[in-house]
Amino acid sequence: MQYPWISQVEKLLYRSPTVGGLLDLCEENYAILLQLAPDLRAMQGSHASCRPGHMDLYLDVLEQTPYTSMVHLTYYFSHRKGQEADPDAILRVYHDARQIEVVQLRQHVLPVASSYQHPSLFNKWKINVFLSKWLAFCLARGHAFRNDEQFLTKIHG
């Protein structure tokens with residue numbers, strides 16, 4: 001098996017979600033994202049978190065409003081055709097509700113929909129489980145978008 005942890009995640013992906021469970025998951029995703037980017041509400045432009053021995057993580061702030069942020073989060077892999085973004089997520093961050101809505105997600109690892117076209121409870125659950133695992137993975141690898149000396153965060157563009 002190429003990804004031994006997939007069987008554990010599949011149990012989460014295919015369980016019967018509830019609206020309350022989904023809201024809890026969106027709230028957990030918000031908390032993890034704010035650990036990665038504590039100053040998200042004030043951020044503008046494009047940023048990269050560079051950790052030695054790991055892929056650079058890119059965060060583009062697409063829009064800031066008084067209560068929401070729209071962000072693009074991705075890795076860029078070298079590909080014979082150029083750079084390929086994967087996973088590639090557009091997220092609307094609701095600061096007042098402390099929630100994240102997945103607007104668009106493309107990825108090729110987990111068995112979730114390749115595009116976010118059918119917003120049923122089950123599909124929203126799968127997409128948010130993926131986002132939860134990815135955000136936690138990024139945090140565990142030491143990624144962060146901060147202005148501390150210990151973090152190699154740079155503005156890219």
# chains A, B, ... in the order shown; residues from 1 in each chain; ligands from 1
call {"tool": "residues_around", "arguments": {"residues": "Phe122 in chain A", "least_positions_apart": "2", "cutoff": "8 Å", "atoms": "only C-alpha atoms", "output": "compact mmCIF listing (two decimals) with all heavy atoms, in the first residue's frame"}}
result
# COMPACT_ATOMS: atom_id res chain seq x y z
N SER A 16 -20.92 8.49 8.76
CA SER A 16 -22.10 9.32 8.52
C SER A 16 -21.96 10.63 9.28
O SER A 16 -22.05 10.65 10.50
CB SER A 16 -23.36 8.60 8.97
OG SER A 16 -23.56 7.45 8.19
N PRO A 17 -21.75 11.72 8.56
CA PRO A 17 -21.57 13.01 9.23
C PRO A 17 -22.90 13.61 9.68
O PRO A 17 -23.96 13.27 9.16
CB PRO A 17 -20.93 13.87 8.15
CG PRO A 17 -21.44 13.31 6.88
CD PRO A 17 -21.59 11.83 7.11
N SER A 120 -23.19 18.48 -0.85
CA SER A 120 -23.98 17.70 0.08
C SER A 120 -23.22 17.60 1.40
O SER A 120 -22.01 17.82 1.47
CB SER A 120 -24.24 16.30 -0.48
OG SER A 120 -23.05 15.54 -0.45
N LYS A 124 -19.16 17.67 1.81
CA LYS A 124 -18.54 18.70 2.63
C LYS A 124 -17.72 18.06 3.75
O LYS A 124 -16.64 18.52 4.09
CB LYS A 124 -19.60 19.64 3.23
CG LYS A 124 -20.14 20.63 2.25
CD LYS A 124 -21.08 21.58 2.95
CE LYS A 124 -21.57 22.64 2.00
NZ LYS A 124 -22.33 23.68 2.67
N TRP A 125 -18.24 16.99 4.31
CA TRP A 125 -17.54 16.28 5.38
C TRP A 125 -16.19 15.75 4.86
O TRP A 125 -15.15 15.95 5.48
CB TRP A 125 -18.40 15.13 5.91
CG TRP A 125 -17.69 14.27 6.90
CD1 TRP A 125 -17.14 13.04 6.69
CD2 TRP A 125 -17.44 14.59 8.27
NE1 TRP A 125 -16.57 12.58 7.84
CE2 TRP A 125 -16.74 13.51 8.82
CE3 TRP A 125 -17.75 15.68 9.08
CZ2 TRP A 125 -16.33 13.48 10.15
CZ3 TRP A 125 -17.35 15.66 10.41
CH2 TRP A 125 -16.65 14.57 10.93
N LYS A 126 -16.21 15.08 3.72
CA LYS A 126 -14.98 14.51 3.16
C LYS A 126 -13.94 15.59 2.87
O LYS A 126 -12.76 15.43 3.19
CB LYS A 126 -15.27 13.70 1.89
CG LYS A 126 -16.00 12.41 2.16
CD LYS A 126 -16.06 11.47 0.99
CE LYS A 126 -16.33 12.04 -0.33
NZ LYS A 126 -16.43 11.05 -1.40
call {"tool": "closest_atom_pairs", "arguments": {"of": "range 17-72 of chain A", "to": "range 92-111 of chain A", "cutoff": "12 Å", "atoms": "only C-alpha atoms", "output": "Markdown table"}}
result
| residue | atom | partner | partner_atom | distance |
| --- | --- | --- | --- | --- |
| A:Leu22 | CA | A:Gln99 | CA | 10.3 |
| A:Leu23 | CA | A:Gln99 | CA | 7.6 |
| A:Asp24 | CA | A:Gln99 | CA | 8.7 |
| A:Leu25 | CA | A:Gln99 | CA | 8.6 |
| A:Cys26 | CA | A:Gln99 | CA | 5.1 |
| A:Glu27 | CA | A:Gln99 | CA | 4.7 |
| A:Glu28 | CA | A:Gln99 | CA | 7.9 |
| A:Asn29 | CA | A:Ile100 | CA | 6.5 |
| A:Tyr30 | CA | A:Gln99 | CA | 5.3 |
| A:Ala31 | CA | A:Arg98 | CA | 7.7 |
| A:Ile32 | CA | A:Ile100 | CA | 10.3 |
| A:Leu33 | CA | A:Ile100 | CA | 8.9 |
| A:Leu34 | CA | A:Arg98 | CA | 9.8 |
| A:Ala37 | CA | A:Val93 | CA | 11.8 |
| A:Pro38 | CA | A:His95 | CA | 11.8 |
| A:Asp39 | CA | A:His95 | CA | 11.6 |
| A:Leu40 | CA | A:Val93 | CA | 9.4 |
| A:Arg41 | CA | A:His95 | CA | 8.0 |
| A:Ala42 | CA | A:His95 | CA | 11.7 |
| A:Val61 | CA | A:Arg92 | CA | 10.2 |
| A:Leu62 | CA | A:Arg92 | CA | 9.6 |
| A:Glu63 | CA | A:Arg92 | CA | 9.1 |
| A:Gln64 | CA | A:Val93 | CA | 9.5 |
| A:Thr65 | CA | A:Tyr94 | CA | 9.8 |
| A:Pro66 | CA | A:His95 | CA | 8.7 |
| A:Tyr67 | CA | A:His95 | CA | 5.5 |
| A:Thr68 | CA | A:Tyr94 | CA | 4.7 |
| A:Ser69 | CA | A:Val93 | CA | 5.0 |
| A:Met70 | CA | A:Arg92 | CA | 4.5 |
| A:Val71 | CA | A:Arg92 | CA | 6.5 |
| A:His72 | CA | A:Arg92 | CA | 9.0 |
call {"tool": "select_by_dssp", "arguments": {"residues": "range 15-110 of chain A", "states": "strand (DSSP E or B)", "output": "NGL selection string"}}
result
:A and (45-50 or 57-64 or 68-79 or 82-94 or 99-106)
call {"tool": "closest_residue", "arguments": {"among": "A:Leu59, A:Leu91, A:Cys138, A:Leu131", "to": "Met43 in chain A", "atoms": "only C-alpha atoms"}}
result
A:Leu59
call {"tool": "atom_distance", "arguments": {"atom1": "CA of Cys50 in chain A", "atom2": "CA of Ala140 in chain A"}}
result
13.4 Å
